file my_file.txt (compact mmCIF, C-alpha atoms)
# COMPACT_ATOMS: atom_id res chain seq x y z
CA MET A 63 -15.62 -317.71 85.42
CA THR A 64 -12.23 -318.72 84.06
CA SER A 65 -12.69 -322.39 84.97
CA ALA A 66 -16.08 -322.47 83.30
CA LEU A 67 -14.76 -320.86 80.16
CA SER A 68 -11.98 -323.40 79.95
CA ARG A 69 -14.58 -326.14 79.48
CA ALA A 70 -15.28 -324.92 75.94
CA THR A 71 -12.89 -327.06 73.94
CA GLU A 72 -14.48 -327.04 70.50
CA ALA A 73 -12.01 -325.87 67.83
CA PRO A 74 -12.91 -322.51 66.26
CA ARG A 75 -14.39 -322.66 62.78
CA ALA A 76 -12.89 -320.98 59.76
CA ALA A 77 -14.39 -317.59 58.85
CA GLU A 78 -17.38 -318.05 56.57
CA PRO A 79 -20.74 -316.36 55.96
CA LEU A 80 -23.22 -317.34 58.65
CA VAL A 81 -26.05 -314.94 57.81
CA GLU A 82 -26.68 -313.43 54.36
CA ILE A 83 -29.26 -310.63 54.09
CA THR A 84 -30.51 -309.76 50.61
CA GLY A 85 -32.94 -306.97 49.64
CA LEU A 86 -34.54 -307.06 53.08
CA SER A 87 -37.42 -304.63 53.56
CA LYS A 88 -40.14 -304.10 56.14
CA LEU A 89 -43.01 -301.74 55.32
CA TYR A 90 -46.04 -301.11 57.52
CA PRO A 91 -49.42 -299.96 56.15
CA VAL A 92 -50.60 -296.76 57.83
CA ASP A 93 -53.62 -294.48 57.68
CA ALA A 94 -52.14 -291.27 56.25
CA GLY A 95 -55.26 -289.14 55.96
CA TRP A 96 -53.25 -286.20 57.26
CA LEU A 97 -51.18 -286.51 54.07
CA GLY A 98 -54.29 -286.52 51.90
CA LYS A 99 -54.03 -290.26 51.22
CA SER A 100 -56.21 -293.04 52.60
CA ARG A 101 -53.45 -295.68 52.66
CA SER A 102 -49.70 -295.28 52.72
CA TRP A 103 -46.60 -297.21 53.74
CA LEU A 104 -44.18 -296.55 56.56
CA SER A 105 -40.69 -297.70 55.62
CA ALA A 106 -39.00 -299.22 58.70
CA LEU A 107 -36.31 -300.97 56.65
CA GLU A 108 -35.66 -301.02 52.92
CA ASP A 109 -33.40 -302.94 50.55
CA VAL A 110 -30.76 -303.96 53.10
CA ASP A 111 -27.92 -306.19 51.84
CA LEU A 112 -25.51 -307.40 54.52
CA THR A 113 -23.46 -310.45 55.45
CA VAL A 114 -22.56 -311.59 58.98
CA THR A 115 -19.37 -313.67 59.07
CA ARG A 116 -19.13 -316.60 61.46
CA GLY A 117 -17.27 -315.61 64.64
CA GLU A 118 -17.44 -311.83 64.21
CA ILE A 119 -19.11 -309.07 66.22
CA LEU A 120 -21.07 -306.91 63.78
CA ALA A 121 -22.42 -303.68 65.26
CA LEU A 122 -25.55 -301.95 63.95
CA VAL A 123 -25.58 -298.23 64.76
CA GLY A 124 -27.87 -295.32 64.04
CA GLU A 125 -30.36 -292.96 65.62
CA SER A 126 -33.67 -294.08 67.10
CA GLY A 127 -35.98 -295.03 64.25
CA SER A 128 -33.15 -296.03 61.93
CA GLY A 129 -34.34 -299.65 61.70
CA LYS A 130 -31.85 -301.41 63.98
CA SER A 131 -34.36 -303.27 66.13
CA THR A 132 -36.55 -304.06 63.12
CA LEU A 133 -33.57 -305.75 61.48
CA ALA A 134 -32.84 -307.67 64.69
CA ARG A 135 -36.38 -309.01 64.87
CA LEU A 136 -36.28 -310.03 61.22
CA LEU A 137 -33.02 -311.91 61.82
CA ILE A 138 -34.69 -314.13 64.41
CA LYS A 139 -38.01 -314.32 62.49
CA LEU A 140 -40.03 -312.58 65.16
CA ILE A 141 -41.66 -310.61 62.32
CA GLU A 142 -42.09 -311.32 58.61
CA PRO A 143 -40.48 -309.14 55.91
CA THR A 144 -42.31 -307.26 53.18
CA ARG A 145 -39.72 -308.59 50.76
CA GLY A 146 -36.18 -309.93 50.76
CA GLN A 147 -34.38 -312.87 52.34
CA VAL A 148 -32.35 -313.78 55.38
CA ARG A 149 -30.31 -316.91 54.72
CA TYR A 150 -28.93 -318.70 57.77
CA GLU A 151 -26.25 -321.21 56.79
CA GLY A 152 -27.59 -320.96 53.24
CA GLN A 153 -31.27 -321.51 54.04
CA ASN A 154 -33.94 -318.81 53.77
CA ILE A 155 -35.44 -318.55 57.27
CA PHE A 156 -38.73 -317.15 55.93
CA ALA A 157 -39.29 -320.32 53.89
CA MET A 158 -38.71 -322.65 56.85
CA SER A 159 -41.34 -324.98 58.28
CA ARG A 160 -42.40 -324.68 61.93
CA ALA A 161 -40.12 -327.55 62.90
CA GLN A 162 -37.19 -325.89 61.13
CA VAL A 163 -37.93 -322.57 62.87
CA ARG A 164 -37.91 -324.32 66.26
CA ARG A 165 -34.47 -325.74 65.46
CA LEU A 166 -33.33 -322.29 64.26
CA ARG A 167 -34.40 -320.71 67.55
CA ARG A 168 -32.00 -323.00 69.40
CA LYS A 169 -29.15 -321.74 67.24
CA VAL A 170 -30.17 -318.07 67.32
CA GLN A 171 -30.97 -316.23 70.55
CA ILE A 172 -31.65 -312.60 71.43
CA VAL A 173 -30.73 -310.59 74.54
CA PHE A 174 -32.98 -307.56 75.02
CA GLN A 175 -32.25 -304.07 76.30
CA ASP A 176 -34.03 -304.06 79.67
CA PRO A 177 -32.97 -307.07 81.76
CA TYR A 178 -35.71 -306.62 84.34
CA SER A 179 -38.64 -306.60 81.89
CA SER A 180 -37.08 -309.62 80.15
CA LEU A 181 -37.34 -311.76 83.30
CA ASN A 182 -40.49 -313.23 84.82
CA PRO A 183 -40.60 -311.85 88.39
CA ARG A 184 -42.51 -314.93 89.57
CA HIS A 185 -39.79 -317.35 88.45
CA ASP A 186 -36.52 -317.99 90.26
CA VAL A 187 -33.19 -318.27 88.47
CA SER A 188 -33.41 -322.03 88.07
CA GLN A 189 -36.74 -321.66 86.21
CA ILE A 190 -35.55 -318.73 84.10
CA VAL A 191 -32.19 -320.16 82.99
CA GLY A 192 -33.45 -323.73 82.80
CA GLU A 193 -36.41 -322.90 80.58
CA GLY A 194 -34.62 -324.05 77.42
CA ILE A 195 -32.87 -327.08 78.93
CA SER A 196 -34.46 -330.40 78.09
CA GLY A 197 -33.56 -334.07 78.20
CA LEU A 198 -31.87 -333.99 81.61
CA ASP A 199 -32.95 -335.40 84.93
CA PRO A 200 -33.57 -332.83 87.72
CA GLN A 201 -30.11 -333.17 89.27
CA ALA A 202 -28.28 -332.93 85.94
CA ARG A 203 -30.45 -329.98 84.95
CA ARG A 204 -29.60 -328.16 88.18
CA ARG A 205 -25.87 -328.83 87.64
CA ARG A 206 -26.14 -327.42 84.11
CA ILE A 207 -27.84 -324.25 85.38
CA LYS A 208 -25.08 -323.74 87.95
CA GLU A 209 -22.45 -324.17 85.22
CA LEU A 210 -24.19 -321.48 83.14
CA LEU A 211 -24.31 -319.12 86.11
CA GLU A 212 -20.61 -319.65 86.69
CA LEU A 213 -19.99 -319.09 82.99
CA VAL A 214 -21.51 -315.60 83.14
CA GLY A 215 -19.74 -314.66 86.36
CA LEU A 216 -22.48 -315.37 88.92
CA SER A 217 -22.25 -317.58 91.99
CA PRO A 218 -24.08 -320.91 91.61
CA ASN A 219 -25.60 -320.18 95.04
CA VAL A 220 -28.02 -317.64 93.50
CA ILE A 221 -29.92 -320.39 91.68
CA ASP A 222 -33.00 -320.13 93.93
CA ARG A 223 -33.21 -316.35 94.07
CA TYR A 224 -35.68 -314.09 92.20
CA PRO A 225 -35.04 -311.21 89.73
CA HIS A 226 -35.89 -308.45 92.23
CA GLU A 227 -32.98 -309.62 94.42
CA PHE A 228 -30.36 -308.73 91.79
CA SER A 229 -28.75 -305.57 90.44
CA GLY A 230 -29.19 -304.53 86.81
CA GLY A 231 -25.84 -305.99 85.79
CA GLN A 232 -26.61 -309.28 87.51
CA ARG A 233 -30.00 -309.48 85.80
CA GLN A 234 -28.36 -309.00 82.42
CA ARG A 235 -25.95 -311.82 83.24
CA ILE A 236 -28.98 -314.02 83.98
CA CYS A 237 -30.46 -313.06 80.60
CA ILE A 238 -27.20 -314.03 78.91
CA ALA A 239 -27.11 -317.33 80.80
CA ARG A 240 -30.68 -318.06 79.68
CA ALA A 241 -29.69 -317.38 76.06
CA LEU A 242 -26.67 -319.68 76.36
CA ALA A 243 -28.71 -322.52 77.89
CA VAL A 244 -29.73 -323.87 74.47
CA LYS A 245 -26.11 -323.77 73.20
CA PRO A 246 -26.66 -321.17 70.44
CA GLU A 247 -24.08 -320.13 67.88
CA PHE A 248 -25.54 -316.71 66.99
CA LEU A 249 -26.58 -314.03 69.53
CA ILE A 250 -28.45 -310.82 68.73
CA LEU A 251 -27.70 -308.23 71.41
CA ASP A 252 -30.28 -305.44 71.34
CA GLU A 253 -28.76 -302.56 73.33
CA PRO A 254 -27.52 -305.02 75.99
CA VAL A 255 -25.88 -302.40 78.26
CA SER A 256 -27.84 -299.19 77.63
CA ALA A 257 -30.05 -299.76 80.71
CA LEU A 258 -27.05 -300.32 82.98
CA ASP A 259 -24.83 -297.98 84.96
CA VAL A 260 -21.63 -296.94 83.20
CA SER A 261 -19.56 -298.73 85.85
CA VAL A 262 -21.32 -302.01 85.00
CA GLN A 263 -21.34 -301.66 81.21
CA SER A 264 -17.66 -302.49 80.69
CA LYS A 265 -17.97 -305.65 82.80
CA ILE A 266 -20.86 -306.94 80.68
CA LEU A 267 -19.07 -306.02 77.45
CA ASN A 268 -15.91 -307.81 78.58
CA LEU A 269 -18.02 -310.83 79.54
CA LEU A 270 -19.62 -310.91 76.09
CA ALA A 271 -16.21 -310.67 74.41
CA ASP A 272 -14.85 -313.51 76.57
CA LEU A 273 -17.87 -315.70 75.80
CA ARG A 274 -17.51 -315.04 72.07
CA ASP A 275 -13.92 -316.26 72.15
CA ALA A 276 -14.55 -319.21 74.46
CA LEU A 277 -17.74 -320.53 72.87
CA HIS A 278 -17.02 -319.44 69.26
CA LEU A 279 -20.17 -317.32 69.07
CA THR A 280 -21.24 -314.79 66.45
CA TYR A 281 -22.85 -311.52 67.55
CA VAL A 282 -24.96 -308.80 66.00
CA LEU A 283 -24.70 -305.92 68.47
CA ILE A 284 -27.29 -303.12 68.28
CA SER A 285 -26.18 -299.90 69.90
CA HIS A 286 -26.55 -296.14 69.67
CA ASP A 287 -23.42 -295.75 71.82
CA LEU A 288 -20.34 -295.52 69.61
CA GLY A 289 -18.12 -295.92 72.66
CA VAL A 290 -19.61 -299.38 73.20
CA VAL A 291 -19.16 -300.22 69.52
CA ARG A 292 -15.54 -299.11 69.56
CA HIS A 293 -14.88 -301.33 72.57
CA VAL A 294 -16.12 -304.65 71.21
CA ALA A 295 -17.09 -304.63 67.52
CA ASP A 296 -15.12 -306.09 64.62
CA ARG A 297 -17.21 -304.47 61.90
CA VAL A 298 -19.81 -301.69 61.88
CA ALA A 299 -22.92 -301.16 59.76
CA VAL A 300 -24.57 -297.71 59.90
CA LEU A 301 -28.33 -297.37 59.32
CA TYR A 302 -30.19 -294.16 58.58
CA LEU A 303 -33.97 -294.07 58.25
CA GLY A 304 -34.12 -297.73 57.23
CA HIS A 305 -31.28 -297.59 54.71
CA LEU A 306 -27.78 -299.00 55.10
CA VAL A 307 -25.41 -296.09 54.42
CA GLU A 308 -21.95 -297.40 55.39
CA VAL A 309 -20.30 -300.72 56.28
CA ALA A 310 -16.65 -301.06 57.27
CA PRO A 311 -14.23 -302.75 59.65
CA LYS A 312 -14.23 -300.88 62.96
CA HIS A 313 -10.76 -299.35 62.60
CA GLN A 314 -11.56 -298.03 59.11
CA LEU A 315 -14.92 -296.59 60.08
CA PHE A 316 -13.57 -294.75 63.14
CA SER A 317 -10.42 -293.49 61.45
CA ASN A 318 -11.86 -292.64 58.03
CA PRO A 319 -15.69 -292.51 57.87
CA ARG A 320 -16.88 -291.54 54.39
CA HIS A 321 -20.64 -291.01 54.65
CA PRO A 322 -21.69 -287.54 55.93
CA TYR A 323 -24.07 -289.10 58.46
CA THR A 324 -21.36 -291.36 59.90
CA GLN A 325 -18.99 -288.39 60.07
CA ALA A 326 -21.57 -286.38 61.99
CA LEU A 327 -22.14 -289.24 64.44
CA LEU A 328 -18.42 -289.67 65.11
CA SER A 329 -17.77 -285.94 65.45
CA ALA A 330 -20.19 -285.90 68.38
CA VAL A 331 -18.35 -288.61 70.34
CA PRO A 332 -16.42 -287.11 73.31
CA MET A 333 -12.69 -287.74 72.89
CA ILE A 334 -9.74 -287.09 75.20
CA SER A 335 -7.37 -286.71 72.25
CA SER A 336 -6.16 -283.12 71.76
CA LYS A 337 -6.33 -283.70 68.00
CA ARG A 338 -10.07 -284.26 68.19
CA GLU A 339 -10.49 -281.27 70.49
CA ARG A 340 -8.97 -278.99 67.83
CA THR A 341 -11.53 -280.08 65.23
CA LYS A 342 -15.11 -278.88 65.08
CA ARG A 343 -18.23 -280.87 65.63
CA ILE A 344 -20.48 -281.43 62.62
CA VAL A 345 -23.91 -280.04 63.46
CA LEU A 346 -26.66 -281.32 61.19
CA ALA A 347 -29.29 -278.85 60.04
CA GLY A 348 -32.59 -279.57 58.35
CA GLU A 349 -35.43 -281.88 59.28
CA ILE A 350 -35.58 -285.67 59.47
CA PRO A 351 -38.14 -286.62 56.81
CA THR A 352 -41.15 -288.74 57.65
CA ALA A 353 -40.70 -292.46 56.98
CA ILE A 354 -44.08 -292.53 55.19
CA ASN A 355 -43.99 -292.52 51.38
CA ILE A 356 -40.33 -291.47 51.19
CA PRO A 357 -39.44 -290.13 47.72
CA ALA A 358 -36.90 -292.01 45.57
CA ARG A 359 -33.87 -290.01 46.63
CA CYS A 360 -31.11 -290.08 49.25
CA ARG A 361 -32.86 -290.19 52.62
CA PHE A 362 -30.14 -288.09 54.22
CA ALA A 363 -30.35 -285.28 51.62
CA THR A 364 -32.55 -283.06 53.82
CA ARG A 365 -29.83 -282.89 56.51
CA CYS A 366 -26.67 -283.39 54.47
CA PHE A 367 -23.96 -280.72 54.36
CA ARG A 368 -22.54 -282.10 51.08
CA SER A 369 -25.65 -282.83 49.03
CA ILE A 370 -25.59 -282.34 45.26
CA ASP A 371 -28.32 -282.40 42.61
CA VAL A 372 -28.27 -286.15 42.06
CA CYS A 373 -28.93 -286.75 45.78
CA TRP A 374 -32.45 -285.36 45.31
CA LYS A 375 -33.19 -287.47 42.24
CA GLU A 376 -31.75 -290.95 42.85
CA ILE A 377 -31.21 -293.47 45.65
CA PRO A 378 -27.49 -294.07 46.29
CA ARG A 379 -26.38 -297.71 46.40
CA LEU A 380 -23.57 -299.20 48.46
CA SER A 381 -20.28 -299.12 46.56
CA ASP A 382 -16.69 -299.90 47.50
CA VAL A 383 -14.39 -297.05 48.55
CA GLU A 384 -11.73 -299.22 50.20
CA ARG A 385 -11.22 -302.91 50.80
CA GLU A 386 -14.25 -304.15 52.80
CA HIS A 387 -15.47 -300.55 53.11
CA THR A 388 -18.73 -299.67 51.32
CA VAL A 389 -20.66 -296.38 51.29
CA ALA A 390 -24.04 -295.34 49.88
CA CYS A 391 -23.29 -291.74 48.93
CA PHE A 392 -22.92 -289.76 45.69
CA ASN A 393 -20.50 -287.28 47.27
CA HIS A 394 -18.54 -289.13 49.95
CA ALA A 395 -15.26 -287.68 51.19
CA PRO A 396 -12.64 -288.35 53.90
CA LEU A 397 -13.29 -287.05 57.41
CA ALA A 398 -10.56 -284.38 57.17
CA GLU A 399 -12.37 -282.72 54.26
CA ALA A 400 -15.69 -282.83 56.11
CA LEU A 401 -14.26 -281.17 59.22
CA SER A 402 -12.39 -278.50 57.27
CA SER A 403 -15.40 -277.52 55.15

call {"tool": "encode", "arguments": {"input": "my_file.txt", "output": "structure tokens"}}
result
Amino acid sequence: MTSALSRATEAPRAAEPLVEITGLSKLYPVDAGWLGKSRSWLSALEDVDLTVTRGEILALVGESGSGKSTLARLLIKLIEPTRGQVRYEGQNIFAMSRAQVRRLRRKVQIVFQDPYSSLNPRHDVSQIVGEGISGLDPQARRRRIKELLELVGLSPNVIDRYPHEFSGGQRQRICIARALAVKPEFLILDEPVSALDVSVQSKILNLLADLRDALHLTYVLISHDLGVVRHVADRVAVLYLGHLVEVAPKHQLFSNPRHPYTQALLSAVPMISSKRERTKRIVLAGEIPTAINIPARCRFATRCFRSIDVCWKEIPRLSDVEREHTVACFNHAPLAEALSS
């Protein structure tokens, strides 16, 4: 793999916004007769503002149903928003023509959670990886596929094999090779290692980190596993029930989370450190509210251990607490105070 990586000679670009998300929302109409209403709205994502900087790995974390995958699909225009914008290199992707979207899809690729269901079992590796390669004669195309396989740590000799002949980790490498075939600059990784054995996860994560550095890629990494996030991310965005509640550089978020939900997530992460063992885990009480017709209040108020009156009356907005560290909370506090309360 080292020799293949060394072929990437393009100079890295200066840090700059690649993706700018503004007021992004996705609501689904539902039949809510059980609530006494004939038509209601399920809020999958609401009023998200976020920027992805060129060359970074931005992690999206949160429980199931928090809106992570919805945001990922909006970023690649697999679904349309209810309102809001996603600007890629300054251009709103939802205002693009079909030809512009086709060009966008060559720049932006997605790697899904389950590598086996992402691969056509009737196609061999050359068909799967070569699907996005055009403009080459058969021999040159085959050479390019072998280069991609080498790039992701697979032997070029597997080019004629089928998905069922590979392990889970090898299948995910094939998925990554397929994504790289069109020479993208932005990869969305939707739980890329959650379906793999723990022994294989670190190898795939290290591969992704190496590829980012070698090919000057930008990643949005979706994960519920904070251990994975801590291993590879540069910056972390925390979602709760469709709302963005905290955004910070990785080291700040892990050392000094300020939102009660983030603090509860981190307190549940197993740690070897004796310091962490002497602290108590934050156990959340209360019920997760339905995402249908959510009142105009803090969505975490029903489970929060630090809620105050205003939390039940207004929606908190993201505000700065430190440099590059924003929190949507009326009563945020350092982790030490949360654990001692």

call {"tool": "residues_around", "arguments": {"input": "my_file.txt", "residues": "region 136-149 of chain A", "least_positions_apart": "3", "cutoff": "6 Å", "atoms": "all atoms listed in the file", "output": "list in words"}}
result
Val81, Glu82, Ile83, Thr84, Gly85, Leu86, Ser87, Lys88, Leu89, Leu133, Gly152, Gln153, Asn154 and Ile155 of chain A

call {"tool": "closest_residue", "arguments": {"input": "my_file.txt", "among": "A:Arg297, A:His305, A:Arg365, A:Lys130", "to": "Pro322 (chain A)", "atoms": "only C-alpha atoms"}}
result
A:Arg365

call {"tool": "atom_distance", "arguments": {"input": "my_file.txt", "atom1": "CA of Gln232 (chain A)", "atom2": "CA of Arg167 (chain A)"}}
result
24.3 Å

call {"tool": "closest_atom_pairs", "arguments": {"input": "my_file.txt", "of": "region 242-280 of chain A", "to": "region 194-200 of chain A", "cutoff": "12 Å", "atoms": "all atoms listed in the file", "output": "CSV"}}
result
residue,atom,partner,partner_atom,distance
A:Leu242,CA,A:Gly194,CA,9.1
A:Ala243,CA,A:Gly194,CA,6.1
A:Val244,CA,A:Gly194,CA,5.7
A:Lys245,CA,A:Ile195,CA,9.5
A:Pro246,CA,A:Gly194,CA,11.0

call {"tool": "write_last_selection", "arguments": {"input": "my_file.txt", "atoms": "C-alpha atoms", "output": "short mmCIF file (atom, residue, chain, number, x, y, z; two decimals), in the coordinates of the input"}}
result
data_model
loop_
_atom_site.label_atom_id
_atom_site.label_comp_id
_atom_site.auth_asym_id
_atom_site.auth_seq_id
_atom_site.Cartn_x
_atom_site.Cartn_y
_atom_site.Cartn_z
CA LEU A 242 -26.67 -319.68 76.36
CA ALA A 243 -28.71 -322.52 77.89
CA VAL A 244 -29.73 -323.87 74.47
CA LYS A 245 -26.11 -323.77 73.20
CA PRO A 246 -26.66 -321.17 70.44
#

call {"tool": "closest_residue", "arguments": {"input": "my_file.txt", "among": "A:Leu270, A:Arg233, A:Leu315, A:Thr364", "to": "Gly348 (chain A)", "atoms": "all atoms listed in the file"}}
result
A:Thr364

call {"tool": "axis_aligned_box", "arguments": {"input": "my_file.txt", "around": "region 282-295 of chain A", "padding_each_side": "5 Å", "output": "AutoDock Vina command-line options"}}
result
--center_x -21.1 --center_y -302.2 --center_z 69.6 --size_x 22.4 --size_y 23.3 --size_z 17.2

call {"tool": "residues_near_point", "arguments": {"input": "my_file.txt", "point": "(-17.7, -316.7, 69.1)", "cutoff": "10 Å", "atoms": "only C-alpha atoms", "output": "short mmCIF file (atom, residue, chain, number, x, y, z; two decimals) with C-alpha atoms, in the frame of the given file"}}
result
data_model
loop_
_atom_site.label_atom_id
_atom_site.label_comp_id
_atom_site.auth_asym_id
_atom_site.auth_seq_id
_atom_site.Cartn_x
_atom_site.Cartn_y
_atom_site.Cartn_z
CA PRO A 74 -12.91 -322.51 66.26
CA ARG A 75 -14.39 -322.66 62.78
CA ARG A 116 -19.13 -316.60 61.46
CA GLY A 117 -17.27 -315.61 64.64
CA GLU A 118 -17.44 -311.83 64.21
CA ILE A 119 -19.11 -309.07 66.22
CA GLU A 247 -24.08 -320.13 67.88
CA PHE A 248 -25.54 -316.71 66.99
CA LEU A 249 -26.58 -314.03 69.53
CA LEU A 270 -19.62 -310.91 76.09
CA ALA A 271 -16.21 -310.67 74.41
CA ASP A 272 -14.85 -313.51 76.57
CA LEU A 273 -17.87 -315.70 75.80
CA ARG A 274 -17.51 -315.04 72.07
CA ASP A 275 -13.92 -316.26 72.15
CA ALA A 276 -14.55 -319.21 74.46
CA LEU A 277 -17.74 -320.53 72.87
CA HIS A 278 -17.02 -319.44 69.26
CA LEU A 279 -20.17 -317.32 69.07
CA THR A 280 -21.24 -314.79 66.45
CA TYR A 281 -22.85 -311.52 67.55
#

call {"tool": "atom_distance", "arguments": {"input": "my_file.txt", "atom1": "CA of His286 (chain A)", "atom2": "CA of Glu253 (chain A)"}}
result
7.7 Å

call {"tool": "atom_distance", "arguments": {"input": "my_file.txt", "atom1": "CA of Asp111 (chain A)", "atom2": "CA of Asp382 (chain A)"}}
result
13.6 Å

call {"tool": "closest_residue", "arguments": {"input": "my_file.txt", "among": "A:Gly215, A:Pro319, A:Gly304, A:Pro254", "to": "Ala353 (chain A)", "atoms": "only C-alpha atoms"}}
result
A:Gly304

call {"tool": "residues_around", "arguments": {"input": "my_file.txt", "residues": "Leu122 (chain A)", "least_positions_apart": "2", "cutoff": "9 Å", "atoms": "only C-alpha atoms", "output": "ChimeraX atom specification"}}
result
/A:120,124,130,282-286,291,297-301

call {"tool": "closest_residue", "arguments": {"input": "my_file.txt", "among": "A:Val187, A:Val389, A:Ala347, A:Val294", "to": "Lys312 (chain A)", "atoms": "all atoms listed in the file"}}
result
A:Val294

call {"tool": "residues_around", "arguments": {"input": "my_file.txt", "residues": "region 226-229 of chain A", "least_positions_apart": "6", "cutoff": "10 Å", "atoms": "all atoms listed in the file", "output": "PyMOL selection string"}}
result
chain A and resi 177-178+181-184+186+220+235-236+258+262

call {"tool": "closest_residue", "arguments": {"input": "my_file.txt", "among": "A:Ile172, A:Ile266, A:Val290, A:Met158", "to": "Arg240 (chain A)", "atoms": "all atoms listed in the file"}}
result
A:Ile172

call {"tool": "residues_around", "arguments": {"input": "my_file.txt", "residues": "Val214 (chain A)", "least_positions_apart": "3", "cutoff": "8 Å", "atoms": "all atoms listed in the file", "output": "ChimeraX atom specification"}}
result
/A:63,210-211,235-236,238-239,269

call {"tool": "closest_residue", "arguments": {"input": "my_file.txt", "among": "A:Ala326, A:Ala363, A:Ala134, A:Leu380", "to": "Phe174 (chain A)", "atoms": "all atoms listed in the file"}}
result
A:Ala134

call {"tool": "build_atoms", "arguments": {"input": "my_file.txt", "residues": "region 182-193 of chain A", "atoms": "N, CA and C atoms", "output": "CSV table (one decimal), in the frame of the given file"}}
result
chain,number,residue,atom,x,y,z
A,182,ASN,N,-39.2,-313.0,84.1
A,182,ASN,CA,-40.5,-313.2,84.8
A,182,ASN,C,-40.3,-313.1,86.3
A,183,PRO,N,-40.9,-312.1,87.0
A,183,PRO,CA,-40.6,-311.8,88.4
A,183,PRO,C,-41.1,-313.0,89.3
A,184,ARG,N,-42.0,-313.8,88.8
A,184,ARG,CA,-42.5,-314.9,89.6
A,184,ARG,C,-41.7,-316.2,89.5
A,185,HIS,N,-40.7,-316.2,88.6
A,185,HIS,CA,-39.8,-317.4,88.4
A,185,HIS,C,-38.4,-317.1,89.1
A,186,ASP,N,-37.9,-318.1,89.7
A,186,ASP,CA,-36.5,-318.0,90.3
A,186,ASP,C,-35.5,-318.3,89.2
A,187,VAL,N,-34.2,-318.1,89.5
A,187,VAL,CA,-33.2,-318.3,88.5
A,187,VAL,C,-33.2,-319.7,87.8
A,188,SER,N,-33.4,-320.7,88.6
A,188,SER,CA,-33.4,-322.0,88.1
A,188,SER,C,-34.5,-322.2,87.0
A,189,GLN,N,-35.7,-321.6,87.2
A,189,GLN,CA,-36.7,-321.7,86.2
A,189,GLN,C,-36.4,-320.8,85.0
A,190,ILE,N,-35.8,-319.6,85.2
A,190,ILE,CA,-35.6,-318.7,84.1
A,190,ILE,C,-34.5,-319.3,83.2
A,191,VAL,N,-33.3,-319.7,83.8
A,191,VAL,CA,-32.2,-320.2,83.0
A,191,VAL,C,-32.5,-321.6,82.4
A,192,GLY,N,-33.2,-322.4,83.2
A,192,GLY,CA,-33.4,-323.7,82.8
A,192,GLY,C,-34.6,-323.9,81.8
A,193,GLU,N,-35.2,-322.8,81.4
A,193,GLU,CA,-36.4,-322.9,80.6
A,193,GLU,C,-36.1,-323.7,79.3
